[in-house]
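Data first, discussion second: the structure below is written as structure tokens.
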Amino acid sequence: MGDIDELYHFKLCEIKSFEYEKKGKGSVSLYFKGKCLLTGQSLKTPLVDSSSTVWNETLSFTIPRKKTKKPGDRTIVFKLMAKGHVRDDCVGEFTLAVDDVTPTPTDSWISLDKKKGSADIRLEKRVDRKDELEEKASHAADSVPEGVESKYTMGKEIGRGGFSIVYDGTSKATGEKVAIKVIDKKKQDGEQLVLLQREIDIMKRLKHPNIVALYDVFDDPTHISLVLEYVSGGELYDEIVKRGSFTESDACTVLKQVLSATEYLHANGIAHRDLKPENLLISSDGGGLQVKIADFGLSKDFSGSGTMATCCGSPSYVAPEVLQQGQYNNGCDIWSIGVILYVLLSGFLPFFGETQEELFDKILTGSYSFANKVWDDISPTAKDLVTKMLTLNEEDRPTAKQCLEHPWFKAQNPRKQLRSVESLRDLRSAMKVRPT
């Protein structure tokens, strides 16, 4: 019999008594990460401002139930990290033995071992045992509308969020592999259901090789199930790190696909409004870097008015005109792609602040540079495209079509290994700023 996988959940509920030697007067951006010594799996939460005391972020680890020569292998090392511009600091850490975790949720306050600071965290812990997982799998069909079962075979759970579970599945008619996202309507309020319906309506209109396709929608009184294109790879940055090699030519290949999909969206009156690395997935079937844009939860049809006004997006990637909370157009997507290109080439975010206020000040004034030595290896045409995409005035910013006509896409771009790969290991986007 092979090893039995169990699913361990660790929910960081809140934090108190936070101290950080470099904090000064302002707040800092923090994230919580864990690494399983047995499997090497490493996870981290989104960034949270240290002024917030309630987090409610969950890390879930799949760990086989097997004996090891070293008991210490069946542990997870958790660290509270403070975001830095060049490198991140470990505020404190602790080690937890997974065999002490029970199926019944338990939580307790834990004092971190001091590193660059100190904090107490309240952590909720639970494990889904093998027998429970088998029972859930056998009853998976009970949690989705009957229409889904009539056309698709439900597989194992491959992802979970606060309001949804994602399963792998197979089309009974074609044998094609799909992803089935089951959303619990009881956990959604009226406004969330309206936004979900808007996302569905938008995705139904889209058909592009670099956009995750929506195949089917099933709706009943308790659940909405979305049958989506199955994307075999992970998020863009994670895929680059896994490959361990990335060149300017590769960056050009990636950007061309992202811009092609964005040009298609804009031509159809759609602004994505949340382009960031987590929403760029890689299909690994062909072995190359085939990009798929995902998550249209903040997308908007602007074809009627031509402008938008809602402040939304992810802090590090949001355009200045969005922050100003006035009218703006689909040029906000070009700015976000410019930030992504900057990071792909250098491994660093162009805009950074110790606080969100400082970050937004940098974005609003367009304060970034190519001063870091990593840019010595980057071609002038690539830096020129970044500069044009990060133009403060959205009216002077190029369209997606104009970006695709830039000389960088026609040049023989360098195939030298970029220094950005190592830096990408620690880069994660900030939390979303949801519509207000």
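Each chain in the structure tokens gets a letter, A, B and so on, in the order shown; residues start at 1 in every chain, and ligands are counted from 1 in the order they appear.
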Give me the residues near Pro407 in chain A as a short mmCIF file (atom, residue, chain, number, x, y, z; two decimals) with N, CA and C atoms, in the first residue's frame, where near means some atom within 12 Å (using only C-alpha atoms) and where sequence neighbours in that chain fewer than 3 positions away do not count.
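New file around19.cif:
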data_model
loop_
_atom_site.label_atom_id
_atom_site.label_comp_id
_atom_site.auth_asym_id
_atom_site.auth_seq_id
_atom_site.Cartn_x
_atom_site.Cartn_y
_atom_site.Cartn_z
N CYS A 252 9.68 38.08 -23.23
CA CYS A 252 9.01 38.59 -24.43
C CYS A 252 7.87 37.66 -24.85
N SER A 379 18.00 44.67 -22.16
CA SER A 379 18.16 45.48 -23.37
C SER A 379 17.48 46.83 -23.22
N PRO A 380 17.98 47.87 -23.92
CA PRO A 380 17.35 49.20 -23.89
C PRO A 380 15.92 49.18 -24.41
N THR A 381 15.61 48.31 -25.38
CA THR A 381 14.24 48.27 -25.92
C THR A 381 13.25 47.74 -24.88
N ALA A 382 13.70 46.77 -24.07
CA ALA A 382 12.82 46.26 -23.01
C ALA A 382 12.53 47.35 -21.99
N LYS A 383 13.56 48.08 -21.58
CA LYS A 383 13.36 49.17 -20.61
C LYS A 383 12.49 50.27 -21.21
N ASP A 384 12.60 50.49 -22.51
CA ASP A 384 11.77 51.50 -23.16
C ASP A 384 10.29 51.11 -23.11
N LEU A 385 10.01 49.82 -23.33
CA LEU A 385 8.61 49.36 -23.26
C LEU A 385 8.07 49.50 -21.85
N GLN A 402 -0.77 48.84 -29.55
CA GLN A 402 0.45 49.62 -29.77
C GLN A 402 1.65 48.98 -29.06
N CYS A 403 1.41 48.41 -27.88
CA CYS A 403 2.50 47.72 -27.18
C CYS A 403 3.03 46.55 -28.01
N LEU A 404 2.11 45.81 -28.63
CA LEU A 404 2.51 44.66 -29.44
C LEU A 404 3.31 45.07 -30.67
N LYS A 410 10.00 42.52 -31.92
CA LYS A 410 10.56 42.18 -33.23
C LYS A 410 12.05 41.91 -33.14
N ALA A 411 12.68 42.21 -31.99
CA ALA A 411 14.13 42.09 -31.85
C ALA A 411 14.53 40.67 -31.50
N GLN A 412 15.81 40.38 -31.72
CA GLN A 412 16.39 39.13 -31.25
C GLN A 412 16.81 39.35 -29.80
N ASN A 413 15.92 39.05 -28.88
CA ASN A 413 16.17 39.39 -27.49
C ASN A 413 17.17 38.44 -26.84
#
Tell me which protein, DNA and RNA residues are within 8 Å of range 194-199 of chain A, counting only C-alpha atoms, leaving out same-chain ones fewer than 3 positions away, and put them as number ranges by chain. A: 190-191, 202-203, 296-299
Using only C-alpha atoms, pick whichever of A:Gly353, A:Leu289, A:Asp184, A:Pro315 has the shortest atom-to-atom distance to Thr247 in chain A. A:Leu289
Can you tell me, as a list of chain:residue names, which residues in range 366-398 of chain A count as alpha helix (DSSP H) by DSSP? A:Pro380, A:Thr381, A:Ala382, A:Lys383, A:Asp384, A:Leu385, A:Val386, A:Thr387, A:Lys388, A:Met389
Quick one: write out the picked residues with N, CA and C atoms as a JSON list (two decimals), in the first residue's frame?
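So the final result, stored in part_27.json, reads:
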[["chain", "number", "residue", "atom", "x", "y", "z"],
["A", 380, "PRO", "N", 17.98, 47.87, -23.92],
["A", 380, "PRO", "CA", 17.35, 49.20, -23.89],
["A", 380, "PRO", "C", 15.92, 49.18, -24.41],
["A", 381, "THR", "N", 15.61, 48.31, -25.38],
["A", 381, "THR", "CA", 14.24, 48.27, -25.92],
["A", 381, "THR", "C", 13.25, 47.74, -24.88],
["A", 382, "ALA", "N", 13.70, 46.77, -24.07],
["A", 382, "ALA", "CA", 12.82, 46.26, -23.01],
["A", 382, "ALA", "C", 12.53, 47.35, -21.99],
["A", 383, "LYS", "N", 13.56, 48.08, -21.58],
["A", 383, "LYS", "CA", 13.36, 49.17, -20.61],
["A", 383, "LYS", "C", 12.49, 50.27, -21.21],
["A", 384, "ASP", "N", 12.60, 50.49, -22.51],
["A", 384, "ASP", "CA", 11.77, 51.50, -23.16],
["A", 384, "ASP", "C", 10.29, 51.11, -23.11],
["A", 385, "LEU", "N", 10.01, 49.82, -23.33],
["A", 385, "LEU", "CA", 8.61, 49.36, -23.26],
["A", 385, "LEU", "C", 8.07, 49.50, -21.85],
["A", 386, "VAL", "N", 8.86, 49.13, -20.85],
["A", 386, "VAL", "CA", 8.44, 49.30, -19.46],
["A", 386, "VAL", "C", 8.10, 50.76, -19.19],
["A", 387, "THR", "N", 8.97, 51.65, -19.62],
["A", 387, "THR", "CA", 8.78, 53.09, -19.40],
["A", 387, "THR", "C", 7.49, 53.58, -20.02],
["A", 388, "LYS", "N", 7.21, 53.13, -21.23],
["A", 388, "LYS", "CA", 5.98, 53.56, -21.92],
["A", 388, "LYS", "C", 4.73, 53.02, -21.23],
["A", 389, "MET", "N", 4.78, 51.78, -20.75],
["A", 389, "MET", "CA", 3.61, 51.18, -20.11],
["A", 389, "MET", "C", 3.36, 51.80, -18.73]]
Env of range 259-275 of chain A: 7 Å cut, atoms = only C-alpha atoms, seq-sep filter 4 positions within chain, self excluded. Answer as number ranges by chain. A: 208, 210-211, 255, 279, 296, 298-303, 313-314, 330, 332-333, 336-337, 400-401, 404
Can you write out the residues you just picked, keeping C-alpha atoms, as a short mmCIF file (atom, residue, chain, number, x, y, z; two decimals), in the first residue's frame?
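Wrote it out as out21.cif, contents follow:
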data_model
loop_
_atom_site.label_atom_id
_atom_site.label_comp_id
_atom_site.auth_asym_id
_atom_site.auth_seq_id
_atom_site.Cartn_x
_atom_site.Cartn_y
_atom_site.Cartn_z
CA HIS A 208 -9.12 33.34 -26.68
CA ASN A 210 -4.63 32.94 -23.61
CA ILE A 211 -7.78 33.23 -21.48
CA LEU A 255 4.26 39.44 -22.50
CA ASN A 279 -4.00 35.55 -12.25
CA PHE A 296 -12.47 37.87 -13.90
CA LEU A 298 -13.16 42.40 -10.81
CA SER A 299 -13.62 42.69 -14.57
CA LYS A 300 -15.99 45.29 -15.96
CA ASP A 301 -17.81 45.86 -19.22
CA PHE A 302 -16.96 49.48 -20.04
CA SER A 303 -18.33 49.44 -23.60
CA GLY A 313 -7.14 45.83 -7.99
CA SER A 314 -4.03 44.72 -6.08
CA ASN A 330 -8.89 50.30 -19.79
CA CYS A 332 -5.25 50.59 -16.12
CA ASP A 333 -4.58 47.08 -17.48
CA SER A 336 -0.50 46.47 -14.43
CA ILE A 337 1.18 44.57 -17.27
CA ALA A 400 -2.33 46.82 -25.97
CA LYS A 401 -2.19 46.87 -29.78
CA LEU A 404 2.51 44.66 -29.44
#
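Taking only C-alpha atoms, the non-local environment of range 13-24 of chain A within 7 Å (same-chain residues fewer than 3 positions away omitted) comprises Ser27, Val28, Thr53, Val54, Trp55, Asn56, Glu57, Val91, Lys116, Gly117, Ser118, Ala119, Asp120, Ile121, Arg122, Leu123 and Glu124 of chain A.
Checking A:Val227, A:Leu359, A:Val318, A:Leu112 one by one against Glu176 in chain A, counting only C-alpha atoms, you find the shortest gap at A:Val227.
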Between A:Leu345, A:Ile110, A:Leu226, A:Val166, smallest distance to Gly92 in chain A by only C-alpha atoms belongs to A:Ile110
If you run DSSP on the backbone here, which positions in range 186-394 of chain A get strand (DSSP E)? Please write them as a PyMOL selection string. chain A and resi 214-219+223-229+270-271+280-283+290-293+300-301
Take the residues just selected and output them with N, CA and C atoms as an mmCIF file, in the first residue's frame.
data_model
loop_
_atom_site.group_PDB
_atom_site.id
_atom_site.type_symbol
_atom_site.label_atom_id
_atom_site.label_comp_id
_atom_site.auth_asym_id
_atom_site.auth_seq_id
_atom_site.Cartn_x
_atom_site.Cartn_y
_atom_site.Cartn_z
ATOM 1 N N LEU A 214 -14.510 29.281 -19.970
ATOM 2 C CA LEU A 214 -15.656 28.810 -19.186
ATOM 3 C C LEU A 214 -16.516 27.951 -20.112
ATOM 4 N N TYR A 215 -16.630 26.654 -19.792
ATOM 5 C CA TYR A 215 -17.360 25.732 -20.655
ATOM 6 C C TYR A 215 -18.840 25.622 -20.310
ATOM 7 N N ASP A 216 -19.137 25.584 -19.009
ATOM 8 C CA ASP A 216 -20.511 25.298 -18.575
ATOM 9 C C ASP A 216 -20.789 25.976 -17.252
ATOM 10 N N VAL A 217 -22.062 26.262 -17.005
ATOM 11 C CA VAL A 217 -22.512 26.806 -15.728
ATOM 12 C C VAL A 217 -23.745 26.030 -15.284
ATOM 13 N N PHE A 218 -23.743 25.575 -14.036
ATOM 14 C CA PHE A 218 -24.892 24.871 -13.467
ATOM 15 C C PHE A 218 -25.316 25.613 -12.206
ATOM 16 N N ASP A 219 -26.599 25.895 -12.119
ATOM 17 C CA ASP A 219 -27.119 26.695 -11.013
ATOM 18 C C ASP A 219 -28.300 25.977 -10.369
ATOM 19 N N HIS A 223 -26.082 25.944 -4.906
ATOM 20 C CA HIS A 223 -24.738 26.004 -5.464
ATOM 21 C C HIS A 223 -24.741 26.562 -6.886
ATOM 22 N N ILE A 224 -23.616 27.164 -7.254
ATOM 23 C CA ILE A 224 -23.314 27.484 -8.646
ATOM 24 C C ILE A 224 -22.025 26.755 -8.978
ATOM 25 N N SER A 225 -22.039 25.978 -10.057
ATOM 26 C CA SER A 225 -20.851 25.240 -10.472
ATOM 27 C C SER A 225 -20.363 25.744 -11.818
ATOM 28 N N LEU A 226 -19.086 26.127 -11.859
ATOM 29 C CA LEU A 226 -18.473 26.607 -13.094
ATOM 30 C C LEU A 226 -17.532 25.526 -13.616
ATOM 31 N N VAL A 227 -17.742 25.101 -14.849
ATOM 32 C CA VAL A 227 -16.858 24.131 -15.486
ATOM 33 C C VAL A 227 -15.865 24.911 -16.334
ATOM 34 N N LEU A 228 -14.601 24.855 -15.935
ATOM 35 C CA LEU A 228 -13.567 25.691 -16.535
ATOM 36 C C LEU A 228 -12.507 24.850 -17.235
ATOM 37 N N GLU A 229 -11.794 25.502 -18.137
ATOM 38 C CA GLU A 229 -10.646 24.875 -18.776
ATOM 39 C C GLU A 229 -9.641 24.449 -17.703
ATOM 40 N N ILE A 270 -14.067 44.889 -22.494
ATOM 41 C CA ILE A 270 -13.838 44.345 -21.158
ATOM 42 C C ILE A 270 -12.501 44.838 -20.614
ATOM 43 N N ALA A 271 -12.510 45.337 -19.385
ATOM 44 C CA ALA A 271 -11.269 45.637 -18.666
ATOM 45 C C ALA A 271 -11.126 44.598 -17.564
ATOM 46 N N LEU A 280 -2.163 34.907 -13.692
ATOM 47 C CA LEU A 280 -1.543 34.436 -14.931
ATOM 48 C C LEU A 280 -1.101 32.997 -14.696
ATOM 49 N N LEU A 281 -1.814 32.051 -15.303
ATOM 50 C CA LEU A 281 -1.530 30.633 -15.126
ATOM 51 C C LEU A 281 -0.759 30.096 -16.325
ATOM 52 N N ILE A 282 -0.024 29.016 -16.105
ATOM 53 C CA ILE A 282 0.773 28.417 -17.162
ATOM 54 C C ILE A 282 0.224 27.034 -17.499
ATOM 55 N N SER A 283 -0.057 26.812 -18.778
ATOM 56 C CA SER A 283 -0.429 25.490 -19.255
ATOM 57 C C SER A 283 0.843 24.775 -19.659
ATOM 58 N N GLN A 290 2.989 28.737 -22.088
ATOM 59 C CA GLN A 290 1.686 29.162 -22.598
ATOM 60 C C GLN A 290 0.884 29.770 -21.456
ATOM 61 N N VAL A 291 0.562 31.048 -21.588
ATOM 62 C CA VAL A 291 -0.061 31.816 -20.514
ATOM 63 C C VAL A 291 -1.577 31.822 -20.666
ATOM 64 N N LYS A 292 -2.268 31.733 -19.537
ATOM 65 C CA LYS A 292 -3.729 31.823 -19.497
ATOM 66 C C LYS A 292 -4.124 32.852 -18.441
ATOM 67 N N ILE A 293 -4.864 33.885 -18.847
ATOM 68 C CA ILE A 293 -5.381 34.867 -17.888
ATOM 69 C C ILE A 293 -6.616 34.291 -17.197
ATOM 70 N N LYS A 300 -14.846 44.392 -15.742
ATOM 71 C CA LYS A 300 -15.990 45.294 -15.961
ATOM 72 C C LYS A 300 -16.191 45.508 -17.459
ATOM 73 N N ASP A 301 -17.446 45.493 -17.861
ATOM 74 C CA ASP A 301 -17.811 45.861 -19.223
ATOM 75 C C ASP A 301 -17.925 47.380 -19.273
#
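For the set A:Ser29, A:Phe10, A:Val231, A:Lys156, the residue with the smallest atom-to-atom gap to Glu358 in chain A is A:Ser29, counting only C-alpha atoms.
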